[in-house]
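Enquirer: So here's upload-v7.csv (CSV, C-alpha atoms).
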chain,number,residue,atom,x,y,z
A,1,MET,CA,-58.5,100.1,-11.6
A,2,THR,CA,-58.8,102.9,-9.1
A,3,VAL,CA,-61.8,103.3,-6.8
A,4,ALA,CA,-64.8,103.7,-9.2
A,5,GLY,CA,-65.3,107.3,-10.3
A,6,THR,CA,-62.8,108.8,-7.8
A,7,GLY,CA,-59.4,108.3,-9.4
A,8,ILE,CA,-58.1,107.2,-6.0
A,9,ALA,CA,-56.0,104.1,-5.7
A,10,ALA,CA,-57.8,101.0,-4.5
A,11,LEU,CA,-55.7,99.2,-1.9
A,12,PRO,CA,-55.6,95.4,-1.2
A,13,PRO,CA,-57.8,94.1,1.6
A,14,GLY,CA,-56.5,95.0,5.1
A,15,TYR,CA,-54.6,98.1,3.9
A,16,ARG,CA,-55.6,101.6,4.8
A,17,ARG,CA,-54.1,104.9,3.9
A,18,ILE,CA,-53.3,108.3,5.4
A,19,ALA,CA,-52.7,110.8,2.6
A,20,PHE,CA,-50.9,114.0,3.2
A,21,ASP,CA,-50.6,116.8,0.7
A,22,ARG,CA,-47.3,117.7,2.4
A,23,VAL,CA,-45.4,115.7,4.9
A,24,ALA,CA,-41.9,115.9,6.3
A,25,SER,CA,-41.1,112.2,5.6
A,26,THR,CA,-43.6,109.4,5.0
A,27,ASN,CA,-41.2,107.0,6.8
A,28,ASP,CA,-41.0,109.2,9.9
A,29,GLU,CA,-44.8,109.5,9.9
A,30,ALA,CA,-45.3,105.8,9.5
A,31,ARG,CA,-42.8,105.1,12.2
A,32,ARG,CA,-44.5,107.5,14.6
A,33,ARG,CA,-47.7,105.6,14.1
A,34,ALA,CA,-46.0,102.2,14.3
A,35,GLU,CA,-44.6,103.2,17.7
A,36,GLY,CA,-48.1,104.3,18.7
A,37,GLY,CA,-49.4,100.8,18.0
A,38,ALA,CA,-50.8,101.1,14.5
A,39,ALA,CA,-51.6,97.7,12.9
A,40,GLU,CA,-49.8,96.5,9.8
A,41,GLY,CA,-51.2,97.5,6.4
A,42,LEU,CA,-51.0,101.3,7.1
A,43,VAL,CA,-49.9,103.2,4.0
A,44,VAL,CA,-48.7,106.8,4.5
A,45,THR,CA,-48.5,108.9,1.4
A,46,GLY,CA,-47.2,112.4,0.8
A,47,GLY,CA,-47.9,114.6,-2.2
A,48,ILE,CA,-44.7,116.4,-1.3
A,49,GLN,CA,-42.1,115.4,1.2
A,50,THR,CA,-40.3,118.4,2.7
A,51,ALA,CA,-37.7,116.3,4.4
A,52,GLY,CA,-37.6,113.1,2.3
A,53,ARG,CA,-34.8,110.8,3.5
A,54,GLY,CA,-32.6,108.3,1.8
A,55,ARG,CA,-30.1,106.2,3.5
A,56,GLN,CA,-27.8,107.6,6.2
A,57,GLY,CA,-29.3,111.1,6.3
A,58,ARG,CA,-29.2,111.6,2.5
A,59,THR,CA,-32.0,113.7,1.0
A,60,TRP,CA,-34.6,112.1,-1.3
A,61,VAL,CA,-35.8,114.8,-3.7
A,62,SER,CA,-39.6,114.6,-3.4
A,63,PRO,CA,-41.4,117.0,-5.7
A,64,ALA,CA,-45.2,117.0,-6.4
A,65,GLY,CA,-46.1,114.5,-9.0
A,66,ASN,CA,-43.8,111.7,-7.8
A,67,LEU,CA,-44.9,108.9,-5.6
A,68,HIS,CA,-43.9,108.9,-1.9
A,69,ALA,CA,-45.4,106.1,0.1
A,70,SER,CA,-44.4,104.1,3.3
A,71,PHE,CA,-45.9,100.7,4.1
A,72,LEU,CA,-46.0,99.6,7.7
A,73,LEU,CA,-45.7,95.8,8.1
A,74,ARG,CA,-45.3,93.6,11.2
A,75,PRO,CA,-43.9,90.3,9.9
A,76,ARG,CA,-43.3,87.7,12.6
A,77,VAL,CA,-39.7,87.0,11.7
A,78,LYS,CA,-36.4,87.4,13.4
A,79,PRO,CA,-34.7,90.8,12.8
A,80,ALA,CA,-32.0,89.1,10.8
A,81,ARG,CA,-34.6,88.3,8.1
A,82,ALA,CA,-36.0,91.9,7.8
A,83,GLY,CA,-33.6,92.7,4.9
A,84,GLU,CA,-35.0,89.8,2.8
A,85,PHE,CA,-38.2,91.8,2.1
A,86,GLY,CA,-36.2,94.5,0.4
A,87,PHE,CA,-35.8,92.1,-2.6
A,88,GLY,CA,-39.6,91.6,-2.8
A,89,ALA,CA,-40.1,95.4,-2.5
A,90,ALA,CA,-37.6,96.0,-5.3
A,91,VAL,CA,-39.4,93.5,-7.6
A,92,ALA,CA,-42.8,95.1,-6.7
A,93,VAL,CA,-41.4,98.6,-7.6
A,94,ALA,CA,-40.0,97.2,-10.9
A,95,GLU,CA,-43.4,95.8,-11.7
A,96,ALA,CA,-45.2,99.1,-10.9
A,97,VAL,CA,-42.7,101.0,-13.1
A,98,GLU,CA,-43.3,98.6,-16.0
A,99,ARG,CA,-47.0,99.1,-15.7
A,100,ALA,CA,-46.7,102.9,-15.7
A,101,ALA,CA,-44.0,103.3,-18.4
A,102,PRO,CA,-43.8,101.7,-21.8
A,103,VAL,CA,-40.7,99.8,-20.9
A,104,ALA,CA,-40.0,96.1,-20.4
A,105,GLY,CA,-37.2,94.8,-18.3
A,106,ALA,CA,-36.9,97.1,-15.3
A,107,LYS,CA,-33.9,95.8,-13.4
A,108,CYS,CA,-33.0,95.4,-9.8
A,109,LYS,CA,-29.6,96.5,-8.7
A,110,TRP,CA,-28.4,94.8,-5.5
A,111,PRO,CA,-29.9,94.9,-3.1
A,112,ASN,CA,-33.0,97.1,-3.7
A,113,ASP,CA,-32.4,99.8,-6.4
A,114,VAL,CA,-34.6,99.8,-9.5
A,115,LEU,CA,-33.1,100.8,-12.8
A,116,VAL,CA,-34.6,101.4,-16.2
A,117,ARG,CA,-32.1,101.4,-19.1
A,118,GLY,CA,-29.4,101.8,-16.5
A,119,SER,CA,-30.9,104.9,-14.8
A,120,LYS,CA,-32.3,104.9,-11.3
A,121,ILE,CA,-36.1,105.5,-11.3
A,122,ALA,CA,-37.1,104.7,-7.7
A,123,GLY,CA,-35.7,104.5,-4.2
A,124,ILE,CA,-36.5,102.1,-1.3
A,125,LEU,CA,-35.7,102.8,2.3
A,126,LEU,CA,-36.3,99.9,4.6
A,127,GLU,CA,-36.3,100.5,8.3
A,128,SER,CA,-37.1,98.2,11.2
A,129,ARG,CA,-37.1,98.2,14.9
A,130,GLY,CA,-36.8,95.4,17.5
A,131,THR,CA,-34.7,93.7,20.1
A,132,PRO,CA,-32.0,91.4,18.9
A,133,GLU,CA,-34.6,88.6,19.1
A,134,THR,CA,-37.9,90.1,18.0
A,135,LEU,CA,-39.1,92.5,15.3
A,136,ASP,CA,-41.6,95.2,16.2
A,137,TRP,CA,-42.2,96.6,12.7
A,138,LEU,CA,-40.7,96.9,9.3
A,139,ILE,CA,-41.4,100.0,7.2
A,140,ALA,CA,-40.8,100.0,3.4
A,141,GLY,CA,-40.5,103.6,2.2
A,142,ILE,CA,-40.8,103.9,-1.5
A,143,GLY,CA,-40.2,106.8,-3.9
A,144,ILE,CA,-40.9,106.5,-7.6
A,145,ASN,CA,-39.9,109.2,-10.0
A,146,LEU,CA,-43.2,109.5,-11.9
A,147,ALA,CA,-43.3,113.2,-13.0
A,148,ALA,CA,-39.7,114.2,-12.6
A,149,ALA,CA,-36.2,112.9,-11.9
A,150,PRO,CA,-33.6,114.8,-9.9
A,151,GLU,CA,-30.6,116.2,-11.8
A,152,HIS,CA,-26.9,116.0,-11.1
A,153,THR,CA,-27.2,112.7,-9.1
A,154,ALA,CA,-24.3,110.4,-8.6
A,155,TRP,CA,-26.1,107.6,-10.5
A,156,PRO,CA,-28.1,108.8,-13.6
A,157,ALA,CA,-31.9,109.2,-12.8
A,158,ALA,CA,-35.0,108.6,-14.9
A,159,SER,CA,-38.7,109.3,-14.6
A,160,VAL,CA,-41.8,107.6,-15.9
A,161,ALA,CA,-42.9,110.9,-17.6
A,162,ALA,CA,-39.6,111.2,-19.5
A,163,LEU,CA,-40.0,107.7,-20.7
A,164,GLY,CA,-43.3,108.6,-22.2
A,165,GLY,CA,-45.4,106.7,-19.6
A,166,ASN,CA,-48.4,107.6,-17.5
A,167,PRO,CA,-47.3,109.5,-14.4
A,168,SER,CA,-50.5,109.1,-12.4
A,169,VAL,CA,-49.6,108.8,-8.7
A,170,GLU,CA,-52.9,107.0,-7.9
A,171,ARG,CA,-52.5,104.4,-10.6
A,172,ALA,CA,-48.9,103.7,-9.7
A,173,LEU,CA,-49.8,103.5,-6.0
A,174,GLU,CA,-52.5,101.0,-6.7
A,175,THR,CA,-50.2,98.7,-8.7
A,176,LEU,CA,-47.4,99.1,-6.2
A,177,ALA,CA,-49.6,98.3,-3.2
A,178,GLY,CA,-51.0,95.2,-5.0
A,179,ARG,CA,-47.6,93.9,-6.0
A,180,LEU,CA,-46.0,94.7,-2.6
A,181,ASP,CA,-48.8,92.8,-0.9
A,182,HIS,CA,-48.3,89.9,-3.3
A,183,TRP,CA,-44.6,89.5,-2.5
A,184,TYR,CA,-45.2,90.1,1.2
A,185,ARG,CA,-47.7,87.3,1.5
A,186,LEU,CA,-45.4,85.0,-0.5
A,187,TRP,CA,-42.6,85.8,1.8
A,188,LEU,CA,-44.6,85.0,4.9
A,189,ALA,CA,-46.0,81.8,3.4
A,190,GLU,CA,-42.9,80.4,1.6
A,191,GLY,CA,-39.9,82.3,3.0
A,192,PHE,CA,-37.2,84.1,1.0
A,193,ALA,CA,-36.8,81.6,-1.9
A,194,PRO,CA,-39.6,83.0,-4.2
A,195,LEU,CA,-38.4,86.6,-3.6
A,196,ARG,CA,-34.9,85.6,-4.4
A,197,GLN,CA,-36.0,84.0,-7.6
A,198,GLY,CA,-38.2,86.9,-8.6
A,199,TRP,CA,-35.3,89.3,-8.0
A,200,LEU,CA,-32.7,87.2,-9.8
A,201,ALA,CA,-34.9,87.2,-12.9
A,202,ARG,CA,-34.5,91.0,-12.9
A,203,ALA,CA,-31.0,91.2,-11.6
A,204,HIS,CA,-28.8,94.0,-13.0
A,205,ALA,CA,-25.3,93.0,-14.0
A,206,LEU,CA,-25.7,89.3,-13.0
A,207,GLY,CA,-22.7,87.4,-14.4
A,208,GLU,CA,-20.9,90.6,-15.1
A,209,THR,CA,-17.8,92.1,-13.5
A,210,ILE,CA,-18.9,94.6,-10.8
A,211,ARG,CA,-17.1,96.7,-8.2
A,212,ILE,CA,-18.3,96.9,-4.6
A,213,LYS,CA,-17.4,99.7,-2.3
A,214,ARG,CA,-17.7,99.3,1.5
A,215,ASN,CA,-16.1,101.3,4.3
A,216,GLY,CA,-13.5,102.8,2.0
A,217,ASP,CA,-12.5,99.4,0.7
A,218,GLU,CA,-13.3,98.4,-2.9
A,219,ARG,CA,-13.3,94.9,-4.5
A,220,GLU,CA,-14.0,93.7,-7.9
A,221,GLY,CA,-15.3,90.4,-9.1
A,222,LYS,CA,-18.0,88.6,-11.0
A,223,PHE,CA,-21.6,89.0,-9.7
A,224,ALA,CA,-22.2,85.2,-9.4
A,225,GLY,CA,-25.6,85.3,-7.6
A,226,LEU,CA,-27.3,85.6,-4.3
A,227,ASP,CA,-26.8,83.4,-1.3
A,228,PRO,CA,-29.9,81.9,0.4
A,229,GLY,CA,-30.1,84.9,2.7
A,230,GLY,CA,-29.8,87.6,-0.1
A,231,ALA,CA,-26.1,88.4,0.3
A,232,LEU,CA,-24.3,89.1,-3.0
A,233,VAL,CA,-22.0,86.3,-4.1
A,234,LEU,CA,-18.9,87.8,-5.7
A,235,GLU,CA,-16.4,85.6,-7.5
A,236,LEU,CA,-13.0,87.0,-7.2
A,237,ALA,CA,-10.1,86.5,-9.6
A,238,GLY,CA,-8.8,83.0,-9.0
A,239,GLY,CA,-12.3,81.6,-8.4
A,240,ARG,CA,-12.6,82.3,-4.7
A,241,ARG,CA,-16.2,83.3,-3.7
A,242,GLU,CA,-17.1,85.9,-1.2
A,243,THR,CA,-20.5,86.8,0.2
A,244,ILE,CA,-21.2,90.5,0.6
A,245,SER,CA,-24.1,91.5,2.9
A,246,TYR,CA,-23.4,95.3,2.9
A,247,GLY,CA,-21.8,97.7,0.6
A,248,GLU,CA,-22.6,99.6,-2.6
A,249,VAL,CA,-22.4,98.3,-6.1
A,250,VAL,CA,-20.6,101.0,-8.0
A,251,GLU,CA,-19.9,99.1,-11.3
B,1,MET,CA,7.7,100.0,27.4
B,2,PRO,CA,7.5,100.7,31.1
B,3,PRO,CA,6.1,97.8,33.1
B,4,ARG,CA,2.3,98.1,33.4
B,5,THR,CA,0.7,98.4,36.7
B,6,PRO,CA,-1.6,95.5,37.1
B,7,VAL,CA,-5.1,96.7,36.1
B,8,LYS,CA,-6.6,94.5,38.8
B,9,ALA,CA,-4.8,96.5,41.6
B,10,ILE,CA,-7.2,97.1,44.4
B,11,ASP,CA,-7.5,100.2,46.4
B,12,ALA,CA,-8.6,98.5,49.6
B,13,ASP,CA,-9.0,101.7,51.6
B,14,ALA,CA,-11.4,103.1,49.0
B,15,VAL,CA,-13.4,100.0,49.1
B,16,ARG,CA,-13.6,100.0,52.9
B,17,GLU,CA,-14.5,103.6,52.9
B,18,LEU,CA,-17.3,103.1,50.4
B,19,ALA,CA,-18.6,100.0,52.2
B,20,LYS,CA,-18.7,102.1,55.4
B,21,LEU,CA,-20.5,104.9,53.6
B,22,LEU,CA,-23.0,102.4,52.3
B,23,ASP,CA,-23.9,101.4,55.8
B,24,GLU,CA,-24.0,104.9,57.1
B,25,THR,CA,-26.2,106.2,54.3
B,26,GLY,CA,-28.4,103.2,53.9
B,27,LEU,CA,-27.8,103.4,50.2
B,28,THR,CA,-27.9,100.1,48.1
B,29,GLU,CA,-25.2,101.1,45.7
B,30,ILE,CA,-22.3,103.6,45.5
B,31,GLU,CA,-20.2,104.2,42.5
B,32,TYR,CA,-17.0,106.2,42.8
B,33,ALA,CA,-14.6,107.1,40.0
B,34,THR,CA,-11.1,108.6,40.3
B,35,GLY,CA,-8.6,108.8,37.4
B,36,ALA,CA,-9.0,105.6,35.4
B,37,PHE,CA,-10.5,103.6,38.2
B,38,ARG,CA,-14.1,103.1,39.0
B,39,VAL,CA,-15.3,101.3,42.1
B,40,ARG,CA,-18.9,100.3,42.7
B,41,VAL,CA,-20.1,98.9,46.0
B,42,ALA,CA,-23.5,97.4,46.1
B,43,ARG,CA,-25.5,95.9,48.9
B,44,GLN,CA,-25.9,92.6,47.1
B,45,GLN,CA,-22.5,91.8,48.7
B,46,THR,CA,-20.6,92.4,45.5
B,47,VAL,CA,-17.9,95.0,44.8
B,48,VAL,CA,-17.1,95.8,41.2
B,49,HIS,CA,-13.7,97.1,40.7
B,50,GLU,CA,-12.4,97.9,37.3
B,51,ALA,CA,-9.9,99.9,35.4
B,52,ALA,CA,-11.4,102.0,32.6
B,53,ALA,CA,-8.1,102.7,30.9
B,54,PRO,CA,-5.8,100.0,29.4
B,55,ALA,CA,-2.8,101.2,31.4
B,56,ALA,CA,-3.8,102.0,34.9
B,57,PRO,CA,-1.9,104.8,36.7
B,58,ALA,CA,-0.4,103.9,40.1
B,59,VAL,CA,-3.1,105.5,42.1
B,60,ALA,CA,-3.9,102.3,44.0
B,61,PRO,CA,-1.3,100.3,46.0
B,62,PRO,CA,-1.7,96.6,45.2
B,63,VAL,CA,-2.9,94.6,48.2
B,64,SER,CA,-2.1,91.0,48.9
B,65,THR,CA,-4.7,90.3,51.5
B,66,PRO,CA,-8.3,90.0,50.6
B,67,VAL,CA,-10.6,92.7,51.8
B,68,ALA,CA,-12.9,91.5,54.6
B,69,ALA,CA,-16.6,92.3,54.0
B,70,PRO,CA,-18.3,93.0,51.7
B,71,ALA,CA,-17.2,90.1,49.6
B,72,LEU,CA,-15.1,91.1,46.7
B,73,VAL,CA,-16.0,90.0,43.2
B,74,GLU,CA,-14.0,90.8,40.1
B,75,LYS,CA,-16.3,91.5,37.2
B,76,ALA,CA,-15.1,91.9,33.7
B,77,TYR,CA,-17.2,93.6,31.1
B,78,ASP,CA,-16.4,91.1,28.3
B,79,ALA,CA,-18.3,89.0,25.8
B,80,THR,CA,-19.3,86.5,28.4
B,81,HIS,CA,-21.1,89.1,30.5
B,82,PRO,CA,-24.8,88.2,30.9
B,83,GLY,CA,-25.7,91.8,29.9
B,84,ALA,CA,-24.1,91.4,26.5
B,85,VAL,CA,-26.2,92.7,23.6
B,86,LYS,CA,-25.4,90.6,20.6
B,87,SER,CA,-25.8,91.4,16.9
B,88,PRO,CA,-28.8,89.7,15.4
B,89,MET,CA,-27.3,89.8,11.9
B,90,VAL,CA,-24.3,90.3,9.7
B,91,GLY,CA,-24.0,93.9,8.6
B,92,THR,CA,-22.6,97.3,9.5
B,93,ALA,CA,-23.2,98.8,13.0
B,94,TYR,CA,-24.0,102.5,13.4
B,95,LEU,CA,-23.8,104.1,16.8
B,96,ALA,CA,-25.7,107.3,15.6
B,97,PRO,CA,-28.9,107.7,13.5
B,98,GLU,CA,-27.0,109.5,10.8
B,99,PRO,CA,-23.5,110.8,10.1
B,100,GLY,CA,-22.6,113.7,12.3
B,101,ALA,CA,-25.5,113.1,14.8
B,102,PRO,CA,-24.8,112.3,18.4
B,103,ALA,CA,-24.7,108.6,19.4
B,104,PHE,CA,-27.9,107.0,20.5
B,105,VAL,CA,-26.3,106.1,23.9
B,106,ALA,CA,-23.0,106.7,25.7
B,107,VAL,CA,-21.1,104.7,28.3
B,108,GLY,CA,-22.4,105.4,31.7
B,109,ASP,CA,-25.9,106.3,30.5
B,110,ARG,CA,-28.9,104.7,32.2
B,111,VAL,CA,-30.7,102.8,29.6
B,112,LYS,CA,-34.4,101.9,29.6
B,113,GLU,CA,-35.7,98.6,28.3
B,114,GLY,CA,-36.8,99.2,24.7
B,115,GLN,CA,-34.5,102.3,24.2
B,116,THR,CA,-32.7,102.4,20.9
B,117,LEU,CA,-29.0,101.4,21.3
B,118,LEU,CA,-27.7,101.4,17.7
B,119,LEU,CA,-28.5,100.5,14.1
B,120,VAL,CA,-27.3,97.5,12.2
B,121,GLU,CA,-27.6,97.8,8.4
B,122,ALA,CA,-27.8,94.7,6.3
B,123,MET,CA,-28.7,94.7,2.6
B,124,LYS,CA,-29.7,98.3,2.9
B,125,THR,CA,-32.2,97.6,5.6
B,126,PHE,CA,-31.6,99.7,8.7
B,127,ASN,CA,-32.5,97.8,11.8
B,128,GLU,CA,-32.8,99.7,15.0
B,129,ILE,CA,-31.8,97.5,17.9
B,130,LYS,CA,-33.6,98.1,21.2
B,131,SER,CA,-32.2,97.4,24.6
B,132,PRO,CA,-33.6,94.0,25.8
B,133,ARG,CA,-33.2,95.2,29.4
B,134,ALA,CA,-32.9,98.3,31.7
B,135,GLY,CA,-29.5,99.1,33.2
B,136,THR,CA,-26.4,101.1,32.8
B,137,LEU,CA,-24.4,101.0,29.5
B,138,ARG,CA,-21.1,99.7,30.7
B,139,LYS,CA,-19.2,99.2,27.5
B,140,VAL,CA,-19.5,99.7,23.7
B,141,MET,CA,-17.6,96.8,22.0
B,142,ILE,CA,-17.7,98.2,18.5
B,143,GLU,CA,-16.8,101.4,16.6
B,144,ASN,CA,-19.2,103.4,14.4
B,145,GLN,CA,-19.6,101.8,11.0
B,146,GLN,CA,-17.8,98.6,12.0
B,147,PRO,CA,-18.7,95.4,10.2
B,148,VAL,CA,-20.3,92.9,12.6
B,149,GLU,CA,-21.0,89.2,12.4
B,150,TYR,CA,-24.0,87.4,13.8
B,151,GLY,CA,-23.6,87.0,17.5
B,152,ASP,CA,-20.9,89.6,18.0
B,153,VAL,CA,-21.2,91.4,21.3
B,154,LEU,CA,-22.1,95.0,20.5
B,155,MET,CA,-22.7,96.5,24.0
B,156,ILE,CA,-22.8,95.5,27.6
B,157,ILE,CA,-25.6,96.7,29.8
B,158,ASP,CA,-26.1,95.7,33.5
Mind turning the file's structure into structure tokens?
Expert:
Amino acid sequence: MTVAGTGIAALPPGYRRIAFDRVASTNDEARRRAEGGAAEGLVVTGGIQTAGRGRQGRTWVSPAGNLHASFLLRPRVKPARAGEFGFGAAVAVAEAVERAAPVAGAKCKWPNDVLVRGSKIAGILLESRGTPETLDWLIAGIGINLAAAPEHTAWPAASVAALGGNPSVERALETLAGRLDHWYRLWLAEGFAPLRQGWLARAHALGETIRIKRNGDEREGKFAGLDPGGALVLELAGGRRETISYGEVVE
Amino acid sequence: MPPRTPVKAIDADAVRELAKLLDETGLTEIEYATGAFRVRVARQQTVVHEAAAPAAPAVAPPVSTPVAAPALVEKAYDATHPGAVKSPMVGTAYLAPEPGAPAFVAVGDRVKEGQTLLLVEAMKTFNEIKSPRAGTLRKVMIENQQPVEYGDVLMIID
């Protein structure tokens, strides 16, 4: 439940929030504070993002009524393991979506997209900084289409409101923060295995034929699973297996 | 193919001249570039002599006798260099923060410890790699958006 009588999201112990009505980008704001020495558990939210970012300079449409939040974490892991948390974040987002909308079976598309009935309902942008040996911080930027979904997107988009759910930003933030913290603690305590399991239980197109695009090259095969580090295992015609650690699943 | 001039050809006169200048000026290091050649003379008794281009033009007559002092040390900017920055993960390397943006750093730049050198993306996580040391960016071993393996040398800084 939200903080008694306020309607404001209650956050797990150790988390604190800076809420903006308008912000250029919650990830950029969280990053600025991370570089300034902010402790982990900082949550930056924006009612509207005027320069919301996706991967590689893409725009993330961020109208009022949708959730835009960035979580600052400082896990003591090697930079090579930072990407593992994306799977936990995706499961947490799927859980938050299921709580808000009357749907079961929100799916995770490799590595960290969240789909409802085949449509993208949220976006996750993970950014980290460190030397090749040590990680300074990891920021999980999360956008959930609560009130509205963008139109004319490459992949079809959905919103909680259009699914007949409750589009309350504060309720969604509370669920999300709680679930994200759950998977974060599990990751720190037990490593990647439980996140991998949680993700596989919701995997989109597992066992099906998929196509993966990377650097202009496309390959097709059966989505056979995840390797112990989270790379996608693709079974090619003839049975040879390949592990894919970057690229886009395009179906 | 015309025969290639050996890239290790040494312009002894230039080195002597620079060594003399080093003494006269009291500087600890002089770097001089002409055409595809770059010569650095430093007071720690090392001379770095390298060809920046794969085929060196015949600007330097090869010498058969070693140059007297300072001692001459050939230094190759390759994967064994102690200033090699290695990839911490399997993924895709990006030299710029986003498509169309200028690169984080360029060859010849002075780099501060902790300065961002590049991004390595793995499983949609974008990892900014900081320089583990201060120095000059000598070589970029990869191209933008190139797939990299764990331990691949990305850049050389000394």
Enquirer: Up to 7 Å from chain B, what residues of chain A turn up? Count only C-alpha atoms and give them as a ChimeraX atom specification.
Expert: /A:56-57,79-80,83,111,126-133,245-246
Enquirer: Which residues are close to stretch 16-32 of chain A, i.e. within 6 Å by only C-alpha atoms, leaving aside same-chain residues fewer than 5 positions away? Reply as a short mmCIF file (atom, residue, chain, number, x, y, z; two decimals) with C-alpha atoms, in the coordinates of the input.
Expert:
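Listing of around15.cif after writing:
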data_model
loop_
_atom_site.label_atom_id
_atom_site.label_comp_id
_atom_site.auth_asym_id
_atom_site.auth_seq_id
_atom_site.Cartn_x
_atom_site.Cartn_y
_atom_site.Cartn_z
CA LEU A 42 -51.00 101.30 7.10
CA VAL A 43 -49.90 103.20 4.00
CA VAL A 44 -48.70 106.80 4.50
CA THR A 45 -48.50 108.90 1.40
CA GLY A 46 -47.20 112.40 0.80
CA GLY A 47 -47.90 114.60 -2.20
CA ILE A 48 -44.70 116.40 -1.30
CA GLN A 49 -42.10 115.40 1.20
CA THR A 50 -40.30 118.40 2.70
CA ALA A 51 -37.70 116.30 4.40
CA GLY A 52 -37.60 113.10 2.30
CA SER A 70 -44.40 104.10 3.30
CA GLY A 141 -40.50 103.60 2.20
#
Enquirer: I'd like the interatomic distance between atom CA of A:Glu98 and atom CA of A:Ala193, to a tenth of an Å.
Expert: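 Computed distance, atom CA of A:Glu98 to atom CA of A:Ala193, equals 23.0 Å.
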Enquirer: Work out how far atom CA of B:Leu137 is from atom CA of B:Asp109, in Å to one decimal.
Expert: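 Result for atom CA of B:Asp109 versus atom CA of B:Leu137: 5.6 Å, one decimal.
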Enquirer: Atom CA of A:Phe223 and atom CA of A:Ala104, how far apart in Å?
Expert: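 Answer for the atom CA of A:Ala104 to atom CA of A:Phe223 separation: 22.4 Å.
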Enquirer: Extract, using only C-alpha atoms, all DNA, RNA and protein residues at most 7 Å from A:Gly88, discarding same-chain residues fewer than 4 positions from it, and format them as a PDB file with C-alpha atoms, keeping the file's coordinate frame.
Expert:
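Here's the written file result-v3.pdb:
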ATOM      1  CA  ALA A  92     -42.800  95.100  -6.700  1.00  0.00           C
ATOM      2  CA  TRP A 183     -44.600  89.500  -2.500  1.00  0.00           C
ATOM      3  CA  LEU A 195     -38.400  86.600  -3.600  1.00  0.00           C
TER       4      LEU A 195
END
Enquirer: Compare A:Arg76, A:Lys109, A:His68, A:Arg99 by their minimum atom-to-atom distance to A:Val169, counting all atoms listed in the file, and give me the closest one.
Expert: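 That would be A:His68, the residue with the smallest distance to A:Val169.
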Enquirer: At a cut-off of 9 Å, using only C-alpha atoms, what residues contact B:Gly135? Leave out same-chain residues fewer than 3 positions from it and give the result as a list in words.
Expert: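 Here the answer would be Gly83, Asp109, Arg110, Val111, Lys112, Glu113, Arg138, Ile157 and Asp158 of chain B.
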Enquirer: Point out the residue among A:Gly123, A:Gly247, A:Pro12, A:Gly225 with the least atom-to-atom distance to A:Glu208, counting all atoms listed in the file.
Expert: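 Among the listed residues, the smallest separation from A:Glu208 belongs to A:Gly225.
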Enquirer: What would stretch 104-112 of chain B look like if you wrote it out as a compact mmCIF listing (two decimals), in the first residue's frame, with N, CA, C and O atoms included, from the block I just posted?
Expert:
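Once everything was written out, this is selection11.txt:
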# COMPACT_ATOMS: atom_id res chain seq x y z
N PHE B 104 34.61 9.50 -27.70
CA PHE B 104 34.98 9.91 -26.35
C PHE B 104 36.41 10.45 -26.33
O PHE B 104 36.70 11.46 -25.70
N VAL B 105 37.32 9.75 -27.01
CA VAL B 105 38.73 10.15 -27.04
C VAL B 105 39.32 9.87 -28.42
O VAL B 105 38.80 9.03 -29.16
N ALA B 106 40.39 10.59 -28.76
CA ALA B 106 41.05 10.39 -30.04
C ALA B 106 42.54 10.14 -29.81
O ALA B 106 43.10 10.56 -28.80
N VAL B 107 43.16 9.44 -30.75
CA VAL B 107 44.59 9.14 -30.64
C VAL B 107 45.37 10.44 -30.50
O VAL B 107 45.12 11.41 -31.21
N GLY B 108 46.27 10.46 -29.54
CA GLY B 108 47.07 11.65 -29.27
C GLY B 108 46.54 12.46 -28.10
O GLY B 108 47.25 13.30 -27.55
N ASP B 109 45.29 12.20 -27.70
CA ASP B 109 44.70 12.93 -26.56
C ASP B 109 45.43 12.57 -25.27
O ASP B 109 45.79 11.43 -25.05
N ARG B 110 45.55 13.58 -24.42
CA ARG B 110 45.96 13.31 -23.04
C ARG B 110 44.73 12.79 -22.32
O ARG B 110 43.66 13.38 -22.40
N VAL B 111 44.87 11.69 -21.64
CA VAL B 111 43.73 11.06 -20.98
C VAL B 111 43.96 11.09 -19.48
O VAL B 111 45.04 10.77 -19.01
N LYS B 112 42.93 11.49 -18.75
CA LYS B 112 43.03 11.51 -17.28
C LYS B 112 42.60 10.16 -16.74
O LYS B 112 41.77 9.47 -17.36
